[in-house]
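Structure first, then comments.
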Amino acid sequence: MLFHEFLDIASVFVWGLSGGFVAARARLDIVGFFFLASLTAFGGGTVRDLLLGVHPVFWMGQPWQILVACAAAALVFVAAHHIEPRRRILNWVDAAAMAVALAAGVSASHAAGAPWPIILLMGMITGTFGGILRDVVANEVPMVLRDGDLYVSACLAGAVVVVVLFHLMPAATPVAVLAGAAVTFLIRAGALAFGWRLPVYRPRDPD
């Protein structure tokens, strides 16, 4: 198994947990859990592979990964009522999922021979798109659109670290990818734990 394939599987499981927690908030049945977890788990990687021209996309080439997403959803379905507050747990699971997916995205695009601007973009897409789809389908405001929240910014920072390390240490791909994932998670963790924010646009008061 290739390194980026392992990261895709890990990303599917953690994003599946994230989708399961949102399904719990929406009080869906078990089929709804499976659907939302799968949508969340496969959304970012599917868009990445389509843009990179990878055929078939990662989970269609390994359809058993659907069982990984459903297993994550089933775990949350059984255990979520023992976990409070679920919103806080969701935020931390989402941060972990974003970091792992960022790693999967930059690793897969690097393995496909993409240039560095594409690696940056694919990392950001893989790290965020599943969560965007999850929130839109669940009728919630996507985390990426919340005022000044370090979400896409965390992915961008992690992807930049990976690209820089790719150039400095061409033979150390796993080290670069894991370092980028760590930076992504730490920035997102800072936003959750300490309220780190970027400045947002404030319109002037009308005359």
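Identifiers for the structure tokens are assigned positionally: chains receive A, B, ... in sequence, residues are indexed from 1 per chain, and ligands are indexed from 1 in the order shown.
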
Identify, on the basis of only C-alpha atoms, every residue whose closest approach to range 73-89 of chain A does not exceed 6 Å; exclude the query and any residue fewer than 6 positions from it along the same chain; express the result as a compact mmCIF listing (two decimals) with N, CA and C atoms, in the first residue's frame.
# COMPACT_ATOMS: atom_id res chain seq x y z
N GLY A 16 -15.43 10.28 8.26
CA GLY A 16 -16.67 9.54 8.53
C GLY A 16 -17.18 9.79 9.94
N LEU A 17 -16.25 9.85 10.90
CA LEU A 17 -16.65 10.20 12.27
C LEU A 17 -17.27 11.60 12.31
N GLY A 20 -20.63 11.57 10.95
CA GLY A 20 -21.52 10.91 11.91
C GLY A 20 -21.97 11.84 13.02
N PHE A 33 -27.02 8.42 8.68
CA PHE A 33 -25.64 8.44 9.19
C PHE A 33 -24.68 7.94 8.12
N PHE A 34 -25.02 6.81 7.48
CA PHE A 34 -24.14 6.25 6.46
C PHE A 34 -23.97 7.22 5.29
N ALA A 37 -21.93 10.43 6.43
CA ALA A 37 -20.53 10.06 6.68
C ALA A 37 -19.80 9.80 5.37

Quick one: contact table of range 6-115 of chain A to range 171-181 of chain A, 8 Å max, nearest atom pair and distance in Å to one decimal per residue, counting only C-alpha atoms, chain and number order, as a Markdown table?
| residue | atom | partner | partner_atom | distance |
| --- | --- | --- | --- | --- |
| A:Ala99 | CA | A:Ala181 | CA | 4.6 |
| A:Val100 | CA | A:Ala181 | CA | 6.1 |
| A:Leu102 | CA | A:Ala181 | CA | 6.4 |
| A:Ala103 | CA | A:Val177 | CA | 5.4 |
| A:Val106 | CA | A:Val177 | CA | 7.1 |
| A:Ser107 | CA | A:Val177 | CA | 6.6 |

One decimal, in Å: what's the spacing between CA of Val47 in chain A and CA of Thr126 in chain A?
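Computing the Euclidean distance for CA of Val47 in chain A and CA of Thr126 in chain A yields 7.5 Å.
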
Interatomic distance (Å, one decimal) between CA of Thr40 in chain A and CA of Gly105 in chain A:
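Atom-to-atom, CA of Thr40 in chain A to CA of Gly105 in chain A, that is 14.8 Å.
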
Residues near Ile66 in chain A, anyone? I mean within 9 Å using only C-alpha atoms, not counting same-chain ones fewer than 5 positions away, as a compact mmCIF listing (two decimals) with N, CA and C atoms, in the first residue's frame.
# COMPACT_ATOMS: atom_id res chain seq x y z
N VAL A 12 -10.69 8.92 5.29
CA VAL A 12 -12.07 8.42 5.17
C VAL A 12 -12.66 8.11 6.54
N SER A 38 -20.45 9.10 4.44
CA SER A 38 -19.81 8.79 3.15
C SER A 38 -19.60 10.06 2.33
N ALA A 41 -16.72 11.84 3.90
CA ALA A 41 -15.45 11.11 3.78
C ALA A 41 -14.89 11.15 2.37
N PHE A 42 -15.76 11.13 1.36
CA PHE A 42 -15.28 10.99 -0.01
C PHE A 42 -15.31 12.29 -0.81
N TRP A 59 -11.84 5.96 -4.09
CA TRP A 59 -12.74 5.02 -3.42
C TRP A 59 -13.45 4.11 -4.42
N ALA A 71 -18.47 2.21 8.88
CA ALA A 71 -18.08 1.77 10.21
C ALA A 71 -17.89 2.95 11.15

Enumerate, in order of chain and increasing residue number, the residues of range 103-142 of chain A with an atom no farther than 8 Å from range 158-161 of chain A, each with its shortest atom pair and distance in Å to one decimal, counting only C-alpha atoms, as a tab-separated table.
residue	atom	partner	partner_atom	distance
A:Val106	CA	A:Ala159	CA	6.9
A:Ile119	CA	A:Ala159	CA	7.5
A:Leu120	CA	A:Ala159	CA	5.3
A:Gly123	CA	A:Ala159	CA	6.0
A:Met124	CA	A:Ala159	CA	7.3

Now that the selection is made, can you save its residues with C-alpha atoms as a compact mmCIF listing (two decimals), in the first residue's frame?
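The resulting part-v2.txt:
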# COMPACT_ATOMS: atom_id res chain seq x y z
CA VAL A 106 -0.71 16.91 -0.96
CA ILE A 119 -0.20 20.63 -4.66
CA LEU A 120 -1.25 23.63 -2.56
CA GLY A 123 -4.29 19.96 -0.27
CA MET A 124 -6.78 22.71 0.50

Can you pull out every residue from range 10-149 of chain A that DSSP, working from the backbone, puts in alpha helix (DSSP H), and format the result as a PyMOL selection string?
chain A and resi 10-25+30-52+58-61+65-79+86-111+116-137

Just checking: using only C-alpha atoms, which residue out of A:Asp29, A:Ala23, A:Tyr151, A:Val163 ends up closest to Ala95 in chain A?
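Closest residue, counting only C-alpha atoms: A:Tyr151.
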